[in-house]
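Enquirer: Have a look at this one.
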4 protein chains.
Amino acid sequence: MKKIAVYTSGGDAPGMNSCIRAIVRGAAYHGVEVYGIVRGYNGMINGDIIPLNSQSVSNIIQRGGTILKSARSKEFLTTEGRKKAYDQLQAKGIEGLVAIGGNGTFTGAEIFYNEFKIPCVGAPGTIDNDLYGTDYTIGYDTAVNTALDAIDKIRDTADSHDRVFFIEVMGRDSGYIAIQCAIAGGAEAVMIPENLTPVSEVMETLLKGFSKAKSSSIVIVAEGDEEGNAQKVAQKIKDQMKIELDIRVTTLGHIQRGGVPTAADRILASRLGLGALEGLLRGEKNVMAGVVNNQLVYTPFHDTITKKKPVSEDLIRMVEILST
Amino acid sequence: MKKIAVYTSGGDAPGMNSCIRAIVRGAAYHGVEVYGIVRGYNGMINGDIIPLNSQSVSNIIQRGGTILKSARSKEFLTTEGRKKAYDQLQAKGIEGLVAIGGNGTFTGAEIFYNEFKIPCVGAPGTIDNDLYGTDYTIGYDTAVNTALDAIDKIRDTADSHDRVFFIEVMGRDSGYIAIQCAIAGGAEAVMIPENLTPVSEVMETLLKGFSKAKSSSIVIVAEGDEEGNAQKVAQKIKDQMKIELDIRVTTLGHIQRGGVPTAADRILASRLGLGALEGLLRGEKNVMAGVVNNQLVYTPFHDTITKKKPVSEDLIRMVEILST
Amino acid sequence: MKKIAVYTSGGDAPGMNSCIRAIVRGAAYHGVEVYGIVRGYNGMINGDIIPLNSQSVSNIIQRGGTILKSARSKEFLTTEGRKKAYDQLQAKGIEGLVAIGGNGTFTGAEIFYNEFKIPCVGAPGTIDNDLYGTDYTIGYDTAVNTALDAIDKIRDTADSHDRVFFIEVMGRDSGYIAIQCAIAGGAEAVMIPENLTPVSEVMETLLKGFSKAKSSSIVIVAEGDEEGNAQKVAQKIKDQMKIELDIRVTTLGHIQRGGVPTAADRILASRLGLGALEGLLRGEKNVMAGVVNNQLVYTPFHDTITKKKPVSEDLIRMVEILST
Amino acid sequence: MKKIAVYTSGGDAPGMNSCIRAIVRGAAYHGVEVYGIVRGYNGMINGDIIPLNSQSVSNIIQRGGTILKSARSKEFLTTEGRKKAYDQLQAKGIEGLVAIGGNGTFTGAEIFYNEFKIPCVGAPGTIDNDLYGTDYTIGYDTAVNTALDAIDKIRDTADSHDRVFFIEVMGRDSGYIAIQCAIAGGAEAVMIPENLTPVSEVMETLLKGFSKAKSSSIVIVAEGDEEGNAQKVAQKIKDQMKIELDIRVTTLGHIQRGGVPTAADRILASRLGLGALEGLLRGEKNVMAGVVNNQLVYTPFHDTITKKKPVSEDLIRMVEILST
């Protein structure tokens with residue numbers, strides 16, 4: 001394999017640039033030519049493909065976002081779109097791909113591989129950490145620390161005013177960010193999609209706390225909790241609560257996606273970028289590089305998309321014990 | 001004057017603890033006994049008043065929130081409430097007060113002084129910077145830096161996805177935070193209560209940017225803008241825009257109140273705390289300590305509440321030029 | 001077991017307070033009385049032992065340092081000293097101990113257990129990550145991120161002035177912090193105790209970089225490297241280098257020990273604190289709680305002290321590839 | 001004036017990029033062509049001069065360092081060197097200059113103007129804040145906050161171990177950074193070049209503190225203090241102290257120069273960059289743009305270099321009172 005290309009797709013995650021850098025530098029090290037596809041599958045279809053070298057990725061290891069940009073592509077959902085993409089890659093002589101992204105990215109990559117057989121290896125770039133086949137995804141550690149920093153700030157106000165705060169963190173289908181934030185933020189309760197915590201239970205926890213002279217409380221709510229988002233959950237509590245609490249709601253939102261990646265994310269991104277590249281050069285295809293028990297492993301795209309990675313029961317238990 | 005008390009009231013602001021520390025240490029230095037009133041006017045009414053000394057304020061200069069807590073007090077709005085408060089202070093032998101807070105705090109302090117003649121000097125503690133009589137309020141610099149940090153993170157995502165972000169910052173009646181964030185965050189436009197920027201003008205700015213190949217834009221909206229909050233403004237733009245833009249909205253919310261105070265806020269808080277205390281000891285009353293052109297000045301509570309501090313036209317002009 | 005005590009010893013590490021909190025809250029949860037020993041073995045000898053409850057550890061999860069303080073104890077190195085310590089624990093009725101610290105702490109704990117048979121379980125609190133029996137120690141992730149933040153700042157200056165910086169990070173006997181910082185900081189080279197990198201090799205790497213138009217370089221040096229500390233290494237390079245480079249040296253020093261713990265450190269500390277406590281309650285003794293491959297494990301104190309945890313060869317290889 | 005150039009010179013300071021951006025965008029706004037001179041006077045001599053436009057300065061407002069790089073130039077100290085520089089500017093048709101830097105930069109700029117009469121206006125970019133003609137220099141607020149963040153971390157360790165720390169901050173000729181850090185960091189004492197604090201006085205302060213049960217202390221030392229740097233001062237104290245204290249020394253060093261600029265620095269840099277540019281276009285020359293009492297003013301280069309800006313006595317007094 002003499003010529004490969006790398007792209008980022010789906011929501012941006014801190015560390016994507018560190019990953020791009022590792023792939024480009026790794027390619028230089030192995031004497032392979034490397035291109036960047038701009039705006040994911042859109043750029044693949046439109047031929048927005050640029051040469052990269054060691055210099056192109058200087059001084060980006062610490063930048064948030066992705067220098068290759070990212071975008072949704074409706075056209076890539078069609079056979080015609082994918083045929084165009086294939087033609088563009090052929091025209092440039094690209095023999096292999098490294099895809100950085102999440103669920104949607106790998107779904108596209110799998111279909112594309114099955115149709116056109118250009119080998120592709122993925123690197124898991126998503127703040128949600130909800131991909132099977134890796135203990136951690138690129139961007140997750142940074143997102144958790146960003147959310148935690150916000151929670152620390154909010155606790156200052158909660159304590160000063162004896163308030164209850166419902167804080168919504170990202171996680172449409174998974175409670176990974178929420179559970180880490182709850183433990184690290186010293187929250188009184190956490191509500192996540194994987195685990196049915198009824199509003200009544202949260203109410204009980206809050207009441208128990210106040211009976212023990214706790215003057216403020218924090219509840220972390222994953223955006224995809226089945227009881228609703230933070231706003232809805234807070235409203236239900238207000239409606240049912242018999243004593244009057246000063247309840248506030250904050251949705252952390254998009255700040256969780258950006259920012260300077262943490263050390264752990266830069267190292268993970270470098271390791272998985274290099275792992276994806278070297279896997280591709282050794283003949284891996286249709287798989288995602290991941291880290292499981294600190295070992296580099298490759299998992300078929302199909303499994304990363306369809307299998308579910310459970311949230312540890314131990315962590316859920318810890319939230320309860322630590323708010324004692 | 002041998003015995004004084006200090007309290008915080010209204011929304012908490014980073015640096016309030018630095019201010020309390022300066023007052024307590026200053027009192028020790030001048031040989032004056034000092035008490036802390038817990039939860040503002042509520043604590044004054046309930047006699048929740050505790051002795052403080054140099055040790056009590058060790059290691060708090062860097063803490064967000066307020067160790068004396070803060071609360072709204074409906075009872076203090078009544079003559080009976082204020083009489084109770086007076087009786088509590090009398091019982092403790094407290095001869096003077098230092099009030100840390102904003103508009104509402106000083107409104108209460110003025111009425112109370114007029115009725116009971118206990119000398120009170122204020123220190124401006126509010127993130128909004130909307131008090132007449134001081135160039136800067138305690139907490140403002142920290143709040144701006146916190147919001148800016150969030151804006152920097154959001155720009156990573158905006159750039160990666162070619163998006164337009166409407167970011168709402170605090171400021172119900174004033175655009176101070178918004179204008180600083182707009183300049184420092186490199187925003188394309190800013191919407192503040194003091195200044196009528198119609199939605200149509202913002203739309204024009206965005207279109208002009210995109211015609212010059214700007215791929216992303218940020219608009220800062222003060223929560224109290226007359227066109228509505230960020231959500232409403234964004235909706236208006238979406239409704240009227242002829243080309244399709246990927247528009248997102250983020251409300252920064254309560255994170256702006258908390259956190260470790262910046263150097264500027266700790267120094268300002270120390271200076272104003274000491275200024276308020278030493279003013280009180282020298283016979284000042286019914287005034288707020290402030291810093292104007294780097295000089296310590298005292299302004300009657302009445303003026304701080306009723307007079308308007310304008311946002312500099314120069315700054316508004318800068319946003320336009322710098323987004324060229 | 002109805003009454004236990006916890007202490008911190010050795011150099012402080014961010015997350016020690018999170019660990020204390022987990023032990024105290026865990027004890028409350030399990031109905032066990034818990035005491036804090038102030039200033040490690042010194043406090044044990046002097047009987048500086050205080051009762052702790054859930055309230056005592058409110059709002060400390062995010063604080064650097066240790067609320068129980070830490071100190072070296074020469075007296076505990078003597079049989080008489082340890083006998084006094086034992087008598088103090090007996091007098092208070094303390095039946096078990098949780099020790100938070102590193103090498104020195106566990107050496108003391110092992111001797112003490114062998115002499116007096118009071119069960120003790122350890123939690124690894126040290127920024128150096130050099131303890132056998134756990135993949136990560138409490139404080140390590142924070143220290144790496146603190147050092148990395150400093151390195152990012154220094155790179156701004158290195159790039160602006162086309163300089164070579166030698167940056168010394170902590171690690172007297174181990175290169176864990178150095179290697180993580182080198183990868184995450186995008187360093188050109190790294191010098192660690194575990195691995196003989198002669199000065200001549202570093203010089204070659206620097207020259208190769210400059211021949212490829214790299215205008216600045218960063219070399220990370222662990223304080224215990226066998227070629228000497230950063231100052232000495234830089235001097236050797238200056239002496240031997242034939243072309244003139246603008247070389248600077250920075251020793252990060254004590255900032256690496258303090259600061260707000262990261263999410264990972266707070267969670268690890270909570271998990272290991274709870275793990276140590278629950279191990280103790282279940283009958284474990286003379287062992288350290290650790291996390292290996294994401295599983296909680298207990299390793300004899302003796303092994304944690306005498307066995308060596310190697311730095312991954314993979315990581316060393318990554319520094320070379322990524323600086324290509 | 002239709003064509004101007006901008007350069008940075010001397011030590012880099014956070015906010016220099018914000019300043020470059022303001023100059024370039026301002027030039028675009030006023031329809032003036034703008035060039036960047038790379039590596040200060042060196043680039044002027046070598047003709048390393050590149051065209052800049054609004055796009056060139058996108059997304060740099062938050063970057064530390066300077067995209068135009070900086071360097072010392074021995075050649076510019078000679079008449080021949082300056083003649084070459086003049087010829088290069090003439091060749092490019094450059095009619096005016098904006099210089100961003102400190103003392104050395106403006107010394108060069110003044111000589112150059114006197115010889116060749118190309119109008120030049122300066123913007124004060126130096127972390128030291130030691131320039132007459134402006135209340136604040138670009139980079140100062142960021143440097144103080146960076147140092148403060150380090151001091152906060154070190155206090156965690158100082159408190160945990162009952163230690164005395166001597167922390168050296170930048171400031172060869174001035175104590176601006178030191179005094180701000182001392183107040184904001186809650187230091188027990190400060191030693192600055194402007195003010196003779198004998199070691200004996202510091203020793204007395206430390207002893208007084210320990211007699212009042214202070215368990216730890218911090219002394220801030222400006223690098224240019226007449227008693228010597230932190231290492232020397234600490235040694236003197238150790239030699240003369242009769243009781244044994246656990247004394248440590250940390251030199252913060254180069255981290256103070258880099259990093260993301262604070263809001264205040266970005267705004268100041270934007271304002272002064274624009275002020276320098278618009279001054280130049282209106283006919284100012286041989287002057288530095290500054291902010292005094294929140295007003296934009298222009299001060300002759302000669303005065304900025306030769307006149308001394310005193311450190312406020314009030315601030316020195318505050319350190320004493322606040323450590324009571």
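So you can find residues: chains in the structure tokens are A, B, ... in the order shown, residues in each start at 1, and ligands are numbered from 1 in order.
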Pull out every residue of chain C that has at least one atom within 12 Å of chain B, counting only C-alpha atoms, and report them as a list in words.
Expert: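 The selection requested is Asn59, Ile60, Gln62, Arg63, Gly259 and Val260 of chain C.
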Enquirer: Would you save the residues of that selection, restricted to C-alpha atoms, as an mmCIF file, in the first residue's frame?
Expert:
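Writing done, so here's selection-v5.cif:
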```cif
data_model
loop_
_atom_site.group_PDB
_atom_site.id
_atom_site.type_symbol
_atom_site.label_atom_id
_atom_site.label_comp_id
_atom_site.auth_asym_id
_atom_site.auth_seq_id
_atom_site.Cartn_x
_atom_site.Cartn_y
_atom_site.Cartn_z
ATOM 1 C CA ASN C 59 -16.814 19.748 49.252
ATOM 2 C CA ILE C 60 -13.257 18.368 49.298
ATOM 3 C CA GLN C 62 -11.998 18.806 44.082
ATOM 4 C CA ARG C 63 -9.336 20.163 46.449
ATOM 5 C CA GLY C 259 -4.053 21.604 41.755
ATOM 6 C CA VAL C 260 -7.602 20.470 41.217
#
```
Enquirer: As a VMD selection string, please: the residues near Asp265 in chain B (cut-off 10 Å, only C-alpha atoms, same-chain neighbours under 6 positions excluded).
Expert: (chain B and resid 13 to 16 18 to 19 62 125 136 to 143 271) or (chain D and resid 184)
Enquirer: Taking only range 93-146 of chain C into account, list the residues labelled helix (DSSP H, G or I) by DSSP (computed from the backbone), as JSON, numbers by chain.
Expert: {"C": [103, 104, 105, 106, 107, 108, 109, 110, 111, 112, 113, 114, 115, 116, 140, 141, 142, 143, 144, 145, 146]}
Enquirer: Tell me which protein, DNA and RNA residues are within 12 Å of Ala222 in chain C, counting only C-alpha atoms, leaving out same-chain ones fewer than 5 positions away, and put them as a PyMOL selection string.
Expert: chain C and resi 128+147+166-182+189-195+197+227-231+233+250-253
Enquirer: Among range 56-276 of chain C, which residues carry a DSSP assignment of strand (DSSP E or B), reported as an MDAnalysis selection string?
Expert: chainID C and resid 96:101 120:125 138 164:169 189:192 195 217:222 247:251
Enquirer: Need to verify the contact set: Gly96 in chain B, 6 Å, only C-alpha atoms, exclusion of same-chain residues closer than 6 positions in sequence. Can you return it as a list of chain:residue names?
Expert: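 Listed by chain and then number, they are B:Ile4, B:Ile118, B:Pro119, B:Cys120.
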Enquirer: Please produce an output containing N, CA, C and O atoms for each residue in the selection, written as an mmCIF file, in the first residue's frame.
Expert:
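Contents of the output file result.cif:
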```
data_model
loop_
_atom_site.group_PDB
_atom_site.id
_atom_site.type_symbol
_atom_site.label_atom_id
_atom_site.label_comp_id
_atom_site.auth_asym_id
_atom_site.auth_seq_id
_atom_site.Cartn_x
_atom_site.Cartn_y
_atom_site.Cartn_z
ATOM 1 N N ILE B 4 -17.890 45.549 63.977
ATOM 2 C CA ILE B 4 -18.622 45.669 62.705
ATOM 3 C C ILE B 4 -19.019 44.276 62.206
ATOM 4 O O ILE B 4 -18.557 43.263 62.721
ATOM 5 N N ILE B 118 -27.519 52.887 61.189
ATOM 6 C CA ILE B 118 -26.262 52.138 61.367
ATOM 7 C C ILE B 118 -25.437 52.355 60.104
ATOM 8 O O ILE B 118 -25.885 52.013 59.002
ATOM 9 N N PRO B 119 -24.245 52.940 60.235
ATOM 10 C CA PRO B 119 -23.440 53.236 59.043
ATOM 11 C C PRO B 119 -23.139 51.965 58.244
ATOM 12 O O PRO B 119 -22.812 50.931 58.833
ATOM 13 N N CYS B 120 -23.274 52.069 56.949
ATOM 14 C CA CYS B 120 -23.007 50.933 56.072
ATOM 15 C C CYS B 120 -22.236 51.414 54.855
ATOM 16 O O CYS B 120 -22.572 52.437 54.263
#
```
Enquirer: Counting only C-alpha atoms, which residue out of D:Phe210, D:Asn294, D:Phe112, D:Ala5 sits closest to Lys84 in chain D?
Expert: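 Smallest distance to Lys84 in chain D is found for D:Phe112.
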Enquirer: As a PyMOL selection string, please: the residues near Arg248 in chain A (cut-off 12 Å, only C-alpha atoms, same-chain neighbours under 4 positions excluded).
Expert: (chain A and resi 154-155+157-158+161-168+216-219+230-235+237-238) or (chain B and resi 253-254)
